[in-house]
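> I'd like to ask some things about the structure below.
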Amino acid sequence: MKKIYFAVFTVICSNFYAQTKNDSINQMDEVIINEGRFNTPISKQNRNVYVISSETIKKLPGRTLQEVLQYANGVDIRQRGPFGTQADISVDGGSFEQTVVLLNGAKVIDSQTAHNMLNLPLPVEAIERIEVVRGPAARIYGINSLTGAINIITKKPTDSGFMVSTYAGSNFEKDTQDTGDTFYGTGIQAGAVLGKEKQQHLIFASHDKSNGYRYNTAFENNKIFYQGNVQINDKNEILGSAGYINNGFGANGFYAAPGDKNSTEIVQTTFANIQSNHQITDSWKIMPRVTYRYNYDDYRYLGNSNLAVGRSQHYTNSIAGELNSTVKLSKGEIGFGAEFRNENIHSSNIGDHDRENVGLYAEYRRSFTEKLDVNIGTYLNYNSDYKWQIYPGIDASYAITDAFKIIGNVGTSQRIPSFTDLYLKQTGNIGNPDLDSENAFQSEIGFKYNKRALSLNANYFYRKIDNYIDWMRNETTVPWQSQNTGDLNTNGINLRGTYRFDFSKDSRLNILLGYTYLDSEFKTARTETYSKYAISSLKHQITNTIDYQFKNLSVMFATRFNERITGPSYWVNDFRVSQTINKFTIFLDGQNIFNATYYEVGAVPLPSRWLTLGVKLVTF
């Protein structure tokens, strides 16, 4: 690993932000981070935040949100099935239940299980950028933001037109255990946008299908997503969105290997959100929001052969209302707000349960000098099962020069156990209704440097999670059971950096390198021998992209290195080559081009080398 450390420290990494003709480091300060009550230019951010832009997404060798996020430094995507089938997401060594996902600031919380949190009806073509906020963020986003938050911002079109895209790919291997057919994947996506001065609309739909990459991993995925923006006048705006996804897949080895060789699963999600912005006075702004999410999860342990045995069906509903407000003062700015959330589940092996959550926010932001910025606030939470709790936090930054800034923050947060954690009753998995909620404390210090073609970001953090929840057992012959397993302490280092070479106005090279080191230790002895999730946390992670563009030709190489607490380390290398001619773009993706054998969850092997050829027509 010495060579790895040397390479990383030679090119310290920064914001995951590939630069192009219209997307340079010098323009990065124009990106506004959405924080519920405050909208902050990224140059003024006091936290470890970075942005994945739409230009970066277009160049990455991936067609789904899950594939895009796997290249983000410090973000751990643990896939059971590829190409958006199913994946867990965590940040900086947390569990997949400890990261909150947001869509345009609206929280996407799956109260059944976070395994389904990324089952979103959102094609990547509709994404403007992805904001990654690291560390406990209850003060900003409320419950479940224990180790970080992923906020997905959709596009607000200014032009009108349409998009059609299709692709086909294969690993050129045959299904020797079943049909004998060659494994393949195909898909088609279509969308239209209407961009007017006072209103903007977009609608996207997609169909993806594959016979898998090994026995019983076939999938079919259908999505539709609509968004509309209406500017009533200069002081009032309404944003509405709605989407539906039907995702069915073979789940060979996903949860109960090797007995679940023939299992299948269907996950259907409906998501709707309406929110608005109202400038009441020159100094007072309010932002109400209502969000609804429905999720249906149908797991069939024996597949379709015997639906009377080993079938689990879960129907989950959540509705949330939120009202945020900001008031500008002569010195600083105050943000405050309140939210209400109702969650309920009807399930064949979890039962019928419901709960309510009420949260109150308060923040104060001020620049005490031209160089010193401070944000301080708290989140007061009431849950019908866990009663009252409070989560304060503070962020600060000091600009040494225009290019060099020191940042520091201290934050706290909470994670309410999911219905699966509490009440699941299966042969191999048993919930625990006596679980306590998880609580996190984290302190972080670092610096940012941004000048001309070079951008650097380095951070050290210490985090303590009390009442950490994991699924444990003493021996392989007994069921897994959810337990509060003790206190998990983590020391972490995160380094990111980019450098841009401009050879001419039509030719440029961008290099990005990121490194994360995590040292996690349980301070309370755990008597159980086996852990389902904690042992798969990352220890070392390297992300690297090299992006060259000449006029309308783009070539990107992407490399990922993961070393987990247990199991072998692995390198995965991908590429995308794309050429745009007028409004047509043709692209070739190569994923896992050196045929690495690797696992991200349990004993589920991920695909060998996979090649995909596609074409896209975009008129807007």
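Ligands are numbered from 1 in the order shown, residues from 1 within each chain, and chains are lettered A, B, ... in the order they appear in the structure tokens.
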List every residue of segment 324-552 of chain A that DSSP, applied to the backbone of this structure, assigns to helix (DSSP H, G or I), and report them as a ChimeraX atom specification.
/A:419-423,534-536
> Please identify all polymer residues within 9 Å of Leu380 of chain A, counting only C-alpha atoms, omitting same-chain residues fewer than 6 positions from it, and present them as a list in words.
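Within the cut-off, the hits are Arg139, Gly142, Val358, Gly359, Leu360, Tyr361, Ala362, Trp388, Gln389, Ile390, Tyr391 and Pro392 of chain A.
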> For the residues in that selection, give me all heavy atoms as a compact mmCIF listing (two decimals), in the first residue's frame.

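Output saved as selection17.txt:
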# COMPACT_ATOMS: atom_id res chain seq x y z
N ARG A 139 -28.91 18.87 11.61
CA ARG A 139 -29.19 20.30 11.64
C ARG A 139 -29.72 20.79 10.30
O ARG A 139 -30.51 21.75 10.23
CB ARG A 139 -27.92 21.06 12.01
CG ARG A 139 -28.05 22.56 11.98
CD ARG A 139 -26.76 23.22 12.43
NE ARG A 139 -25.63 22.89 11.57
CZ ARG A 139 -25.36 23.48 10.42
NH1 ARG A 139 -26.15 24.42 9.96
NH2 ARG A 139 -24.30 23.12 9.71
N GLY A 142 -32.32 16.66 9.05
CA GLY A 142 -33.18 15.91 9.96
C GLY A 142 -32.72 14.48 10.18
O GLY A 142 -31.54 14.16 10.07
N VAL A 358 -41.94 14.34 14.20
CA VAL A 358 -42.04 15.79 14.11
C VAL A 358 -40.67 16.38 14.39
O VAL A 358 -40.00 16.00 15.36
CB VAL A 358 -43.07 16.35 15.11
CG1 VAL A 358 -43.11 17.88 15.04
CG2 VAL A 358 -44.45 15.77 14.85
N GLY A 359 -40.22 17.29 13.53
CA GLY A 359 -38.92 17.91 13.71
C GLY A 359 -39.00 19.43 13.63
O GLY A 359 -39.80 19.98 12.86
N LEU A 360 -38.17 20.10 14.41
CA LEU A 360 -38.08 21.56 14.40
C LEU A 360 -36.64 21.97 14.14
O LEU A 360 -35.72 21.45 14.80
CB LEU A 360 -38.55 22.13 15.74
CG LEU A 360 -39.99 21.81 16.17
CD1 LEU A 360 -40.24 22.32 17.58
CD2 LEU A 360 -41.00 22.42 15.19
N TYR A 361 -36.43 22.87 13.18
CA TYR A 361 -35.09 23.33 12.79
C TYR A 361 -34.89 24.78 13.23
O TYR A 361 -35.83 25.58 13.20
CB TYR A 361 -34.91 23.29 11.27
CG TYR A 361 -35.08 21.96 10.59
CD1 TYR A 361 -36.33 21.53 10.18
CD2 TYR A 361 -33.97 21.16 10.33
CE1 TYR A 361 -36.49 20.33 9.51
CE2 TYR A 361 -34.12 19.95 9.66
CZ TYR A 361 -35.38 19.54 9.26
OH TYR A 361 -35.52 18.35 8.60
N ALA A 362 -33.64 25.11 13.56
CA ALA A 362 -33.27 26.51 13.79
C ALA A 362 -31.79 26.67 13.46
O ALA A 362 -30.96 25.87 13.91
CB ALA A 362 -33.54 26.93 15.23
N TRP A 388 -38.47 12.55 22.56
CA TRP A 388 -37.75 13.77 22.26
C TRP A 388 -36.24 13.57 22.23
O TRP A 388 -35.69 12.91 23.10
CB TRP A 388 -38.08 14.86 23.28
CG TRP A 388 -39.48 15.37 23.18
CD1 TRP A 388 -40.54 14.99 23.94
CD2 TRP A 388 -39.97 16.34 22.25
NE1 TRP A 388 -41.67 15.67 23.56
CE2 TRP A 388 -41.35 16.50 22.53
CE3 TRP A 388 -39.39 17.08 21.23
CZ2 TRP A 388 -42.15 17.39 21.80
CZ3 TRP A 388 -40.18 17.96 20.51
CH2 TRP A 388 -41.55 18.11 20.80
N GLN A 389 -35.60 14.17 21.23
CA GLN A 389 -34.14 14.19 21.16
C GLN A 389 -33.72 15.48 20.46
O GLN A 389 -34.47 16.03 19.65
CB GLN A 389 -33.59 12.97 20.41
CG GLN A 389 -33.84 11.66 21.16
CD GLN A 389 -33.50 10.43 20.33
OE1 GLN A 389 -33.98 10.28 19.22
NE2 GLN A 389 -32.66 9.57 20.88
N ILE A 390 -32.50 15.95 20.75
CA ILE A 390 -32.02 17.20 20.16
C ILE A 390 -30.63 16.98 19.57
O ILE A 390 -29.81 16.24 20.14
CB ILE A 390 -32.00 18.34 21.21
CG1 ILE A 390 -31.70 19.69 20.53
CG2 ILE A 390 -31.04 18.04 22.35
CD1 ILE A 390 -31.98 20.87 21.42
N TYR A 391 -30.37 17.62 18.39
CA TYR A 391 -29.13 17.38 17.65
C TYR A 391 -28.55 18.71 17.17
O TYR A 391 -28.93 19.23 16.12
CB TYR A 391 -29.39 16.44 16.48
CG TYR A 391 -29.85 15.09 16.96
CD1 TYR A 391 -31.19 14.80 17.10
CD2 TYR A 391 -28.92 14.13 17.37
CE1 TYR A 391 -31.62 13.58 17.59
CE2 TYR A 391 -29.34 12.91 17.87
CZ TYR A 391 -30.68 12.64 17.98
OH TYR A 391 -31.09 11.44 18.50
N PRO A 392 -27.64 19.31 17.94
CA PRO A 392 -27.01 20.57 17.54
C PRO A 392 -25.82 20.35 16.62
O PRO A 392 -25.31 19.23 16.48
CB PRO A 392 -26.56 21.16 18.88
CG PRO A 392 -26.26 19.95 19.72
CD PRO A 392 -27.26 18.89 19.29
> Could you give me, as a list in words, the residues within 7 Å of Ile203 of chain A, counting only C-alpha atoms and dropping anything in the same chain fewer than 2 positions from it?
Gly191, Ala192, Val193, His201, Ala205, Phe225, Tyr226 and Gln227 of chain A
> Using only C-alpha atoms, which protein or nucleic acid residues come within 9 Å of Asp159 of chain A? Drop anything in the same chain fewer than 4 positions from it, and give the result as a list of chain:residue names.
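The filter keeps A:Val193, A:Leu194, A:Gly195, A:Lys196, A:Gln200, A:Phe620.
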> Need the shell around Lys198 of chain A: protein/DNA/RNA residues with any atom at most 9 Å away, counting only C-alpha atoms. Skip same-chain ones fewer than 4 positions apart. Format as a list of chain:residue names?
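Here the answer would be A:Asn229, A:Val230, A:Gln231, A:Ile232, A:Asn233.
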> Looking at only C-alpha atoms, which of A:Ser578, A:Ala440, A:Gln414, A:Leu512 is the one that sits closest to Ala453 of chain A?
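Nearest candidate to Ala453 of chain A out of A:Ser578, A:Ala440, A:Gln414, A:Leu512: A:Leu512.
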> Using DSSP assignments from the backbone, pull out every residue in segment 151-238 of chain A that falls under strand (DSSP E) and give it to me as a PyMOL selection string.
chain A and resi 151-154+161-170+185-195+199-210+219-233+236-238
> Just want the 6 Å neighbourhood of Leu513 of chain A, counted on only C-alpha atoms, with same-chain residues fewer than 4 positions away dropped. Output as number ranges by chain.
A: 13, 496-497, 543-544
> Pick the closest to Ser111 of chain A from A:Pro568, A:Pro417, A:Gly614, A:Gly228: which is it, counting only C-alpha atoms?
A:Pro417
> Applying 7 Å and only C-alpha atoms, which residues near segment 272-287 of chain A remain after dropping the ones on its own chain fewer than 5 positions away? List them as a list in words.
Lys235, Asn236, Glu237, Ile238, Leu239, Gly240, Ser241, Ala242, Gly243, Tyr292, Arg293, Leu323, Asn324, Ser325, Thr326, Val327 and Lys328 of chain A
> Could you tell me which of A:Gln549, A:Asn317, A:Ser418, A:Thr580 comes closest to Ala114 of chain A if we count only C-alpha atoms?
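Of A:Gln549, A:Asn317, A:Ser418, A:Thr580, the one nearest Ala114 of chain A is A:Ser418, counting only C-alpha atoms.
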> Find, counting only C-alpha atoms, the residue in A:Ser305, A:Gln591, A:Thr147, A:Gln66 that gets nearest to Lys464 of chain A.
A:Thr147
> Restricting the calculation to only C-alpha atoms: of A:Glu128, A:Glu322, A:Glu521, A:Glu97, which residue gets closest to Val51 of chain A?
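Smallest distance to Val51 of chain A is found for A:Glu128.
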